[in-house]
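Data file: my_file_16.pdb. Format and content: PDB, C-alpha atoms, pLDDT in the B column.
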```
ATOM      1  CA  VAL U   1      12.451  -9.734 -43.684  1.00 59.00           C
ATOM      2  CA  LEU U   2      12.991 -13.484 -43.454  1.00 59.00           C
ATOM      3  CA  SER U   3      13.546 -13.678 -47.197  1.00 58.00           C
ATOM      4  CA  CYS U   4      16.281 -11.031 -47.201  1.00 65.00           C
ATOM      5  CA  GLU U   5      19.694 -12.160 -48.434  1.00 66.00           C
ATOM      6  CA  TRP U   6      21.851 -10.697 -45.695  1.00 64.00           C
ATOM      7  CA  ASP U   7      25.083 -11.368 -47.551  1.00 65.00           C
ATOM      8  CA  GLN U   8      23.934  -9.085 -50.373  1.00 72.00           C
ATOM      9  CA  PRO U   9      24.374  -5.379 -49.357  1.00 77.00           C
ATOM     10  CA  ALA U  10      21.993  -4.149 -52.076  1.00 75.00           C
ATOM     11  CA  ARG U  11      19.254  -6.481 -50.852  1.00 70.00           C
ATOM     12  CA  VAL U  12      19.782  -5.386 -47.280  1.00 71.00           C
ATOM     13  CA  GLU U  13      19.518  -1.695 -48.204  1.00 77.00           C
ATOM     14  CA  GLU U  14      16.324  -2.394 -50.123  1.00 73.00           C
ATOM     15  CA  MET U  15      14.899  -4.237 -47.147  1.00 75.00           C
ATOM     16  CA  TYR U  16      15.730  -1.292 -44.865  1.00 74.00           C
ATOM     17  CA  ARG U  17      13.876   1.103 -47.187  1.00 78.00           C
ATOM     18  CA  LEU U  18      10.838  -1.159 -47.139  1.00 76.00           C
ATOM     19  CA  LEU U  19      10.912  -1.342 -43.336  1.00 75.00           C
ATOM     20  CA  TYR U  20      10.383   2.384 -42.981  1.00 75.00           C
ATOM     21  CA  SER U  21       7.591   2.423 -45.549  1.00 75.00           C
ATOM     22  CA  TRP U  22       5.483  -0.150 -43.729  1.00 72.00           C
ATOM     23  CA  ALA U  23       2.045   0.784 -42.530  1.00 67.00           C
ATOM     24  CA  LYS U  24       1.565   0.654 -38.774  1.00 76.00           C
ATOM     25  CA  VAL U  25       2.326  -2.810 -37.426  1.00 78.00           C
ATOM     26  CA  THR U  26       0.197  -4.262 -34.630  1.00 86.00           C
ATOM     27  CA  PRO U  27       1.943  -4.830 -31.274  1.00 87.00           C
ATOM     28  CA  ALA U  28       1.534  -8.601 -31.691  1.00 86.00           C
ATOM     29  CA  HIS U  29       3.403  -8.515 -35.014  1.00 87.00           C
ATOM     30  CA  ALA U  30       6.007  -6.116 -33.625  1.00 89.00           C
ATOM     31  CA  VAL U  31       6.790  -8.542 -30.794  1.00 91.00           C
ATOM     32  CA  GLN U  32       7.325 -11.300 -33.360  1.00 90.00           C
ATOM     33  CA  LEU U  33      10.064  -9.170 -34.948  1.00 87.00           C
ATOM     34  CA  LEU U  34      11.915  -9.308 -31.624  1.00 93.00           C
ATOM     35  CA  ASP U  35      12.338 -13.070 -31.442  1.00 90.00           C
ATOM     36  CA  HIS U  36      15.451 -15.112 -32.226  1.00 89.00           C
ATOM     37  CA  ARG U  37      14.884 -15.050 -36.007  1.00 86.00           C
ATOM     38  CA  PHE U  38      15.501 -11.290 -36.268  1.00 83.00           C
ATOM     39  CA  VAL U  39      18.881 -10.244 -34.898  1.00 80.00           C
ATOM     40  CA  ASP U  40      19.485  -7.191 -37.089  1.00 82.00           C
ATOM     41  CA  GLY U  41      19.541  -4.016 -34.996  1.00 83.00           C
ATOM     42  CA  LYS U  42      17.563  -1.884 -37.448  1.00 86.00           C
ATOM     43  CA  VAL U  43      14.798  -4.471 -37.785  1.00 85.00           C
ATOM     44  CA  ARG U  44      14.492  -4.722 -34.015  1.00 89.00           C
ATOM     45  CA  ALA U  45      14.543  -0.941 -33.602  1.00 90.00           C
ATOM     46  CA  VAL U  46      11.676  -0.585 -36.104  1.00 87.00           C
ATOM     47  CA  ALA U  47       9.727  -3.222 -34.169  1.00 89.00           C
ATOM     48  CA  VAL U  48      10.247  -1.286 -30.933  1.00 93.00           C
ATOM     49  CA  GLY U  49       9.075   1.898 -32.650  1.00 90.00           C
ATOM     50  CA  HIS U  50       5.703   0.267 -33.309  1.00 89.00           C
ATOM     51  CA  LEU U  51       5.309  -0.261 -29.550  1.00 93.00           C
ATOM     52  CA  GLU U  52       5.711   3.406 -28.637  1.00 90.00           C
ATOM     53  CA  LYS U  53       1.997   4.228 -28.545  1.00 87.00           C
ATOM     54  CA  LEU U  54       1.030   1.306 -26.309  1.00 92.00           C
ATOM     55  CA  SER U  55      -0.874   2.289 -23.179  1.00 94.00           C
ATOM     56  CA  ASP U  56       0.603   1.272 -19.826  1.00 94.00           C
ATOM     57  CA  HIS U  57      -2.131  -1.352 -19.436  1.00 93.00           C
ATOM     58  CA  ASP U  58      -1.450  -2.925 -22.829  1.00 94.00           C
ATOM     59  CA  LEU U  59       2.298  -2.747 -22.296  1.00 95.00           C
ATOM     60  CA  GLN U  60       1.994  -4.641 -19.012  1.00 93.00           C
ATOM     61  CA  ASP U  61       0.385  -7.526 -20.908  1.00 92.00           C
ATOM     62  CA  LEU U  62       3.479  -7.750 -23.132  1.00 94.00           C
ATOM     63  CA  LEU U  63       6.222  -7.078 -20.599  1.00 94.00           C
ATOM     64  CA  GLY U  64       7.031 -10.728 -20.024  1.00 92.00           C
ATOM     65  CA  GLN U  65       7.580 -11.346 -23.728  1.00 93.00           C
ATOM     66  CA  LEU U  66       9.608  -8.167 -24.163  1.00 95.00           C
ATOM     67  CA  VAL U  67      11.910  -8.937 -21.241  1.00 95.00           C
ATOM     68  CA  TYR U  68      12.405 -12.437 -22.609  1.00 93.00           C
ATOM     69  CA  ALA U  69      13.301 -10.935 -26.005  1.00 93.00           C
ATOM     70  CA  LEU U  70      16.246  -9.077 -24.437  1.00 93.00           C
ATOM     71  CA  ARG U  71      18.282 -12.285 -24.672  1.00 91.00           C
ATOM     72  CA  TYR U  72      18.280 -11.978 -28.470  1.00 91.00           C
ATOM     73  CA  GLU U  73      19.842  -8.513 -28.506  1.00 91.00           C
ATOM     74  CA  LYS U  74      23.416  -8.351 -29.777  1.00 88.00           C
ATOM     75  CA  HIS U  75      24.267  -5.449 -27.460  1.00 89.00           C
ATOM     76  CA  GLU U  76      23.083  -4.406 -24.009  1.00 89.00           C
ATOM     77  CA  ASP U  77      22.441  -0.854 -25.214  1.00 92.00           C
ATOM     78  CA  SER U  78      19.581  -1.676 -27.569  1.00 93.00           C
ATOM     79  CA  ALA U  79      16.385   0.030 -28.678  1.00 94.00           C
ATOM     80  CA  LEU U  80      14.372  -2.517 -26.700  1.00 95.00           C
ATOM     81  CA  ALA U  81      16.363  -2.016 -23.492  1.00 95.00           C
ATOM     82  CA  ARG U  82      16.034   1.766 -23.750  1.00 96.00           C
ATOM     83  CA  TYR U  83      12.317   1.495 -24.449  1.00 96.00           C
ATOM     84  CA  LEU U  84      11.698  -0.705 -21.407  1.00 96.00           C
ATOM     85  CA  LEU U  85      13.818   1.528 -19.192  1.00 96.00           C
ATOM     86  CA  ARG U  86      12.060   4.678 -20.377  1.00 96.00           C
ATOM     87  CA  ARG U  87       8.538   3.294 -19.979  1.00 96.00           C
ATOM     88  CA  GLY U  88       9.383   1.877 -16.578  1.00 95.00           C
ATOM     89  CA  LEU U  89      10.629   5.243 -15.323  1.00 95.00           C
ATOM     90  CA  MET U  90       7.613   7.049 -16.817  1.00 95.00           C
ATOM     91  CA  SER U  91       5.195   4.799 -14.875  1.00 93.00           C
ATOM     92  CA  GLN U  92       7.162   3.659 -11.841  1.00 91.00           C
ATOM     93  CA  HIS U  93       4.231   2.360  -9.783  1.00 86.00           C
ATOM     94  CA  THR U  94       2.754   0.182 -12.528  1.00 89.00           C
ATOM     95  CA  VAL U  95       4.988  -0.630 -15.504  1.00 93.00           C
ATOM     96  CA  GLY U  96       8.162   0.017 -13.501  1.00 92.00           C
ATOM     97  CA  LYS U  97       7.390  -2.353 -10.649  1.00 88.00           C
ATOM     98  CA  GLN U  98       6.313  -5.116 -13.005  1.00 91.00           C
ATOM     99  CA  LEU U  99       9.383  -4.564 -15.171  1.00 94.00           C
ATOM    100  CA  ALA U 100      11.654  -4.879 -12.130  1.00 91.00           C
ATOM    101  CA  TRP U 101      10.079  -8.196 -11.164  1.00 87.00           C
ATOM    102  CA  TYR U 102      10.376  -9.605 -14.677  1.00 92.00           C
ATOM    103  CA  LEU U 103      14.023  -8.565 -14.957  1.00 93.00           C
ATOM    104  CA  HIS U 104      14.792 -10.044 -11.548  1.00 88.00           C
ATOM    105  CA  ALA U 105      12.955 -13.291 -12.358  1.00 87.00           C
ATOM    106  CA  ALA U 106      14.839 -13.640 -15.653  1.00 89.00           C
ATOM    107  CA  PHE U 107      18.137 -13.396 -13.783  1.00 87.00           C
ATOM    108  CA  LEU U 108      17.085 -15.917 -11.121  1.00 81.00           C
ATOM    109  CA  ALA U 109      15.888 -18.372 -13.772  1.00 84.00           C
ATOM    110  CA  ASP U 110      19.182 -18.301 -15.668  1.00 85.00           C
ATOM    111  CA  PRO U 111      22.000 -16.146 -14.216  1.00 82.00           C
ATOM    112  CA  ILE U 112      24.096 -16.522 -17.401  1.00 80.00           C
ATOM    113  CA  VAL U 113      21.448 -15.647 -19.984  1.00 78.00           C
ATOM    114  CA  GLY U 114      19.844 -13.212 -17.548  1.00 85.00           C
ATOM    115  CA  THR U 115      22.995 -11.152 -16.992  1.00 89.00           C
ATOM    116  CA  GLN U 116      21.753  -8.449 -19.361  1.00 89.00           C
ATOM    117  CA  CYS U 117      18.438  -8.305 -17.477  1.00 92.00           C
ATOM    118  CA  HIS U 118      20.295  -7.975 -14.177  1.00 90.00           C
ATOM    119  CA  ARG U 119      22.365  -5.068 -15.477  1.00 93.00           C
ATOM    120  CA  LEU U 120      19.295  -3.329 -16.891  1.00 94.00           C
ATOM    121  CA  LEU U 121      17.588  -3.794 -13.532  1.00 93.00           C
ATOM    122  CA  LYS U 122      20.505  -2.097 -11.765  1.00 92.00           C
ATOM    123  CA  VAL U 123      20.341   0.831 -14.209  1.00 94.00           C
ATOM    124  CA  TYR U 124      16.591   1.106 -13.626  1.00 94.00           C
ATOM    125  CA  LEU U 125      16.919   1.063  -9.826  1.00 92.00           C
ATOM    126  CA  ARG U 126      19.717   3.664  -9.877  1.00 92.00           C
ATOM    127  CA  SER U 127      17.492   5.944 -11.948  1.00 93.00           C
ATOM    128  CA  LEU U 128      14.612   5.887  -9.446  1.00 90.00           C
ATOM    129  CA  PRO U 129      13.989   8.523  -6.769  1.00 90.00           C
ATOM    130  CA  ASP U 130      15.524   7.494  -3.425  1.00 87.00           C
ATOM    131  CA  THR U 131      12.246   6.536  -1.730  1.00 82.00           C
ATOM    132  CA  GLU U 132      10.987   4.409  -4.611  1.00 83.00           C
ATOM    133  CA  ARG U 133      14.398   2.767  -5.013  1.00 84.00           C
ATOM    134  CA  VAL U 134      14.335   1.705  -1.356  1.00 84.00           C
ATOM    135  CA  HIS U 135      10.791   0.311  -1.648  1.00 79.00           C
ATOM    136  CA  GLN U 136      11.558  -1.713  -4.756  1.00 80.00           C
ATOM    137  CA  GLY U 137      14.907  -2.807  -3.369  1.00 80.00           C
ATOM    138  CA  HIS U 138      13.204  -4.180  -0.250  1.00 79.00           C
ATOM    139  CA  GLY U 139      10.820  -6.208  -2.387  1.00 77.00           C
ATOM    140  CA  LEU U 140      13.579  -7.671  -4.551  1.00 79.00           C
ATOM    141  CA  TYR U 141      15.635  -8.504  -1.458  1.00 78.00           C
ATOM    142  CA  ALA U 142      12.703 -10.270   0.205  1.00 76.00           C
ATOM    143  CA  ILE U 143      11.838 -12.363  -2.836  1.00 75.00           C
ATOM    144  CA  ALA U 144      15.502 -13.246  -3.387  1.00 76.00           C
ATOM    145  CA  ARG U 145      15.712 -14.464   0.208  1.00 77.00           C
ATOM    146  CA  LEU U 146      12.545 -16.540  -0.139  1.00 75.00           C
ATOM    147  CA  ASP U 147      13.883 -18.058  -3.349  1.00 74.00           C
ATOM    148  CA  SER U 148      17.205 -18.842  -1.675  1.00 75.00           C
ATOM    149  CA  ILE U 149      15.475 -20.478   1.303  1.00 73.00           C
ATOM    150  CA  TYR U 150      13.294 -22.601  -0.957  1.00 71.00           C
ATOM    151  CA  ARG U 151      16.204 -23.703  -3.138  1.00 72.00           C
ATOM    152  CA  GLY U 152      18.271 -24.566  -0.079  1.00 69.00           C
ATOM    153  CA  LEU U 153      15.519 -26.668   1.463  1.00 66.00           C
ATOM    154  CA  ALA U 154      14.712 -28.353  -1.849  1.00 68.00           C
ATOM    155  CA  ALA U 155      18.375 -29.193  -2.491  1.00 65.00           C
ATOM    156  CA  SER U 156      18.680 -30.861   0.925  1.00 60.00           C
ATOM    157  CA  ASP U 157      15.409 -32.808   0.460  1.00 58.00           C
ATOM    158  CA  LEU U 158      13.931 -31.218   3.581  1.00 55.00           C
ATOM    159  CA  LEU U 159      10.733 -30.392   1.717  1.00 52.00           C
ATOM    160  CA  THR U 160      10.145 -34.089   1.085  1.00 54.00           C
ATOM    161  CA  VAL U 161      10.318 -35.150   4.714  1.00 49.00           C
ATOM    162  CA  ARG U 162       7.729 -37.872   5.266  1.00 44.00           C
ATOM    163  CA  SER U 163       5.692 -38.490   8.376  1.00 40.00           C
ATOM    164  CA  ALA U 164       6.397 -41.959   9.751  1.00 42.00           C
ATOM    165  CA  SER U 165       2.992 -42.068  11.384  1.00 41.00           C
ATOM    166  CA  THR U 166       0.948 -41.094   8.300  1.00 45.00           C
ATOM    167  CA  LYS U 167       0.038 -43.844   5.885  1.00 45.00           C
ATOM    168  CA  GLY U 168       0.879 -42.861   2.319  1.00 49.00           C
ATOM    169  CA  GLY U 169       3.806 -40.674   3.357  1.00 47.00           C
ATOM    170  CA  ALA U 170       2.181 -37.221   3.627  1.00 48.00           C
ATOM    171  CA  VAL U 171       4.444 -34.233   4.217  1.00 52.00           C
ATOM    172  CA  ASP U 172       5.035 -33.591   7.933  1.00 58.00           C
ATOM    173  CA  ALA U 173       3.605 -30.060   8.034  1.00 58.00           C
ATOM    174  CA  GLU U 174       4.821 -29.211  11.538  1.00 66.00           C
ATOM    175  CA  HIS U 175       8.382 -30.206  10.715  1.00 67.00           C
ATOM    176  CA  VAL U 176       8.412 -28.177   7.500  1.00 63.00           C
ATOM    177  CA  VAL U 177       6.936 -25.138   9.288  1.00 63.00           C
ATOM    178  CA  GLY U 178       9.652 -25.402  11.924  1.00 70.00           C
ATOM    179  CA  LEU U 179      12.358 -25.504   9.270  1.00 69.00           C
ATOM    180  CA  LEU U 180      10.913 -22.531   7.419  1.00 67.00           C
ATOM    181  CA  LEU U 181      10.569 -20.471  10.607  1.00 68.00           C
ATOM    182  CA  GLY U 182      14.182 -21.178  11.466  1.00 71.00           C
ATOM    183  CA  GLU U 183      15.339 -20.003   8.058  1.00 68.00           C
ATOM    184  CA  LEU U 184      13.078 -16.945   8.024  1.00 69.00           C
ATOM    185  CA  ASN U 185      14.162 -15.778  11.469  1.00 69.00           C
ATOM    186  CA  GLN U 186      17.892 -15.918  10.773  1.00 71.00           C
ATOM    187  CA  ASN U 187      18.032 -12.335   9.488  1.00 66.00           C
ATOM    188  CA  PRO U 188      15.790  -9.286   9.879  1.00 69.00           C
ATOM    189  CA  TRP U 189      13.220  -8.600   7.177  1.00 70.00           C
ATOM    190  CA  PRO U 190      12.235  -5.202   5.761  1.00 67.00           C
ATOM    191  CA  SER U 191       9.379  -3.631   7.711  1.00 66.00           C
ATOM    192  CA  GLU U 192       7.368  -3.720   4.475  1.00 66.00           C
ATOM    193  CA  PHE U 193       7.957  -4.735   0.885  1.00 64.00           C
ATOM    194  CA  HIS U 194       6.069  -4.916  -2.391  1.00 64.00           C
ATOM    195  CA  CYS U 195       4.857  -8.250  -3.748  1.00 62.00           C
ATOM    196  CA  PRO U 196       5.278  -9.287  -7.400  1.00 57.00           C
ATOM    197  CA  VAL U 197       1.572  -9.966  -7.988  1.00 55.00           C
ATOM    198  CA  PRO U 198      -0.372  -7.776  -7.725  1.00 52.00           C
ATOM    199  CA  VAL U 199       2.221  -5.036  -8.074  1.00 52.00           C
ATOM    200  CA  ASN U 200       0.302  -2.682  -5.763  1.00 54.00           C
ATOM    201  CA  CYS U 201       0.241  -5.179  -2.870  1.00 55.00           C
ATOM    202  CA  THR U 202       2.444  -4.401   0.158  1.00 54.00           C
ATOM    203  CA  GLN U 203       3.591  -7.110   2.579  1.00 54.00           C
ATOM    204  CA  HIS U 204       4.328  -6.248   6.210  1.00 52.00           C
ATOM    205  CA  SER U 205       5.393  -9.633   7.595  1.00 53.00           C
ATOM    206  CA  THR U 206       5.903 -13.309   6.832  1.00 55.00           C
ATOM    207  CA  GLY U 207       3.303 -15.559   8.485  1.00 53.00           C
ATOM    208  CA  VAL U 208       4.430 -19.122   7.889  1.00 47.00           C
ATOM    209  CA  VAL U 209       2.399 -20.499  10.798  1.00 46.00           C
ATOM    210  CA  GLU U 210      -0.819 -18.959   9.486  1.00 51.00           C
ATOM    211  CA  CYS U 211      -0.226 -20.173   5.908  1.00 48.00           C
ATOM    212  CA  ASP U 212      -2.459 -23.037   4.785  1.00 48.00           C
ATOM    213  CA  LYS U 213      -0.444 -23.816   1.623  1.00 45.00           C
ATOM    214  CA  LEU U 214       2.805 -25.733   2.036  1.00 42.00           C
ATOM    215  CA  PRO U 215       5.104 -27.032  -0.723  1.00 44.00           C
TER     216      PRO U 215
END
```

Translate this structure into structure tokens?
Amino acid sequence: VLSCEWDQPARVEEMYRLLYSWAKVTPAHAVQLLDHRFVDGKVRAVAVGHLEKLSDHDLQDLLGQLVYALRYEKHEDSALARYLLRRGLMSQHTVGKQLAWYLHAAFLADPIVGTQCHRLLKVYLRSLPDTERVHQGHGLYAIARLDSIYRGLAASDLLTVRSASTKGGAVDAEHVVGLLLGELNQNPWPSEFHCPVPVNCTQHSTGVVECDKLP
């Protein structure tokens, strides 16, 4: 595929014929056909076709790479986007939840590049049954709030507050806990929400005081 002369229609047609005559491609090789070097829609669609028989367990191992590959699609309505949406809706409590987190994380990491992921996430959530949509929406809302609180504190240097009484300048844990509690208590939290990892974990509260790991 890399050797194809894309400005020569005859060569391109020959390459397309060869694509469909390939023996089964391993998932690892199929994922490689979805990186930035292969932007042709037919090539990418063939690559996605070789992922169809993946089990949910094996697909979960590749979800991060596949969501990342969405940035190389020319159009939002692509074979890869449809495949991810379909598999997520087929297995909402496993593949679906993990897919939602990856799409959300991609948007938070880079809102410009991640716009396509954000739109696909909205399509996925709208396609869920009402109860499941509420559960996943609560989780995404909670994580978005935590991310916003962290970014706000980091931007204002509050997470680097130093204790004047501690030699070596250790973080003043009590001060940081007080700041976090103030931020967390500003608005009500969902009564329960799903955590990103593991996807079957449900959180019922935020216990900053009991946490023994501070930034």

Neighbours of Ser21 of chain U within 12 Å (only C-alpha atoms; same-chain residues fewer than 6 positions away dropped), as a ChimeraX atom specification? /U:14-15,46

Take the PyMOL selection byres ((chain U and resi 60) around 12), apply it to the structure above, and return the hits as an mmCIF file with C-alpha atoms, in the frame of the given file.
```cif
data_model
loop_
_atom_site.group_PDB
_atom_site.id
_atom_site.type_symbol
_atom_site.label_atom_id
_atom_site.label_comp_id
_atom_site.auth_asym_id
_atom_site.auth_seq_id
_atom_site.Cartn_x
_atom_site.Cartn_y
_atom_site.Cartn_z
ATOM 1 C CA LEU U 51 5.309 -0.261 -29.550
ATOM 2 C CA LEU U 54 1.030 1.306 -26.309
ATOM 3 C CA SER U 55 -0.874 2.289 -23.179
ATOM 4 C CA ASP U 56 0.603 1.272 -19.826
ATOM 5 C CA HIS U 57 -2.131 -1.352 -19.436
ATOM 6 C CA ASP U 58 -1.450 -2.925 -22.829
ATOM 7 C CA LEU U 59 2.298 -2.747 -22.296
ATOM 8 C CA ASP U 61 0.385 -7.526 -20.908
ATOM 9 C CA LEU U 62 3.479 -7.750 -23.132
ATOM 10 C CA LEU U 63 6.222 -7.078 -20.599
ATOM 11 C CA GLY U 64 7.031 -10.728 -20.024
ATOM 12 C CA GLN U 65 7.580 -11.346 -23.728
ATOM 13 C CA LEU U 66 9.608 -8.167 -24.163
ATOM 14 C CA VAL U 67 11.910 -8.937 -21.241
ATOM 15 C CA LEU U 84 11.698 -0.705 -21.407
ATOM 16 C CA ARG U 87 8.538 3.294 -19.979
ATOM 17 C CA GLY U 88 9.383 1.877 -16.578
ATOM 18 C CA SER U 91 5.195 4.799 -14.875
ATOM 19 C CA HIS U 93 4.231 2.360 -9.783
ATOM 20 C CA THR U 94 2.754 0.182 -12.528
ATOM 21 C CA VAL U 95 4.988 -0.630 -15.504
ATOM 22 C CA GLY U 96 8.162 0.017 -13.501
ATOM 23 C CA LYS U 97 7.390 -2.353 -10.649
ATOM 24 C CA GLN U 98 6.313 -5.116 -13.005
ATOM 25 C CA LEU U 99 9.383 -4.564 -15.171
ATOM 26 C CA ALA U 100 11.654 -4.879 -12.130
ATOM 27 C CA TRP U 101 10.079 -8.196 -11.164
ATOM 28 C CA TYR U 102 10.376 -9.605 -14.677
ATOM 29 C CA PRO U 198 -0.372 -7.776 -7.725
ATOM 30 C CA VAL U 199 2.221 -5.036 -8.074
#
```

Considering all atoms listed in the file, return as a ChimeraX atom specification whatever protein or nucleic-acid residues lie within 12 Å of segment 33-36 of chain U, sequence-local ones (same chain, fewer than 6 positions apart) excluded. /U:1-2,19,25-27,42-51,65-74,78-81

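Atom CA of Ala106 of chain U sits 17.7 Å away from atom CA of Tyr83 of chain U.
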
Straight-line distance linking atom CA of His135 of chain U with atom CA of Trp189 of chain U, stated in Å to one decimal: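 Going from atom CA of His135 of chain U over to atom CA of Trp189 of chain U, I get 12.8 Å.
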
In Å, with one decimal, what is the gap from atom CA of Arg119 of chain U to atom CA of Leu103 of chain U? 9.1 Å

Using all atoms of segment 116-128 of chain U listed in the file and a margin of 8 Å per side, can you give the axis-aligned box centre and edge lengths in Å to one decimal, as JSON?
```
{"center_x": 18.5, "center_y": -1.3, "center_z": -14.4, "size_x": 23.8, "size_y": 30.4, "size_z": 25.9}
```

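Distance annotation: of U:Val113, U:Leu128, U:Leu108, U:Leu121, the residue with the minimal separation from Ala144 of chain U is U:Leu108; atom set is all atoms listed in the file.
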
May I ask which of the residues U:Val31, U:Leu120, U:Val39, U:Met90 is the closest one to Glu76 of chain U, counting all atoms listed in the file?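 So, comparing all the options, the nearest one is U:Leu120.
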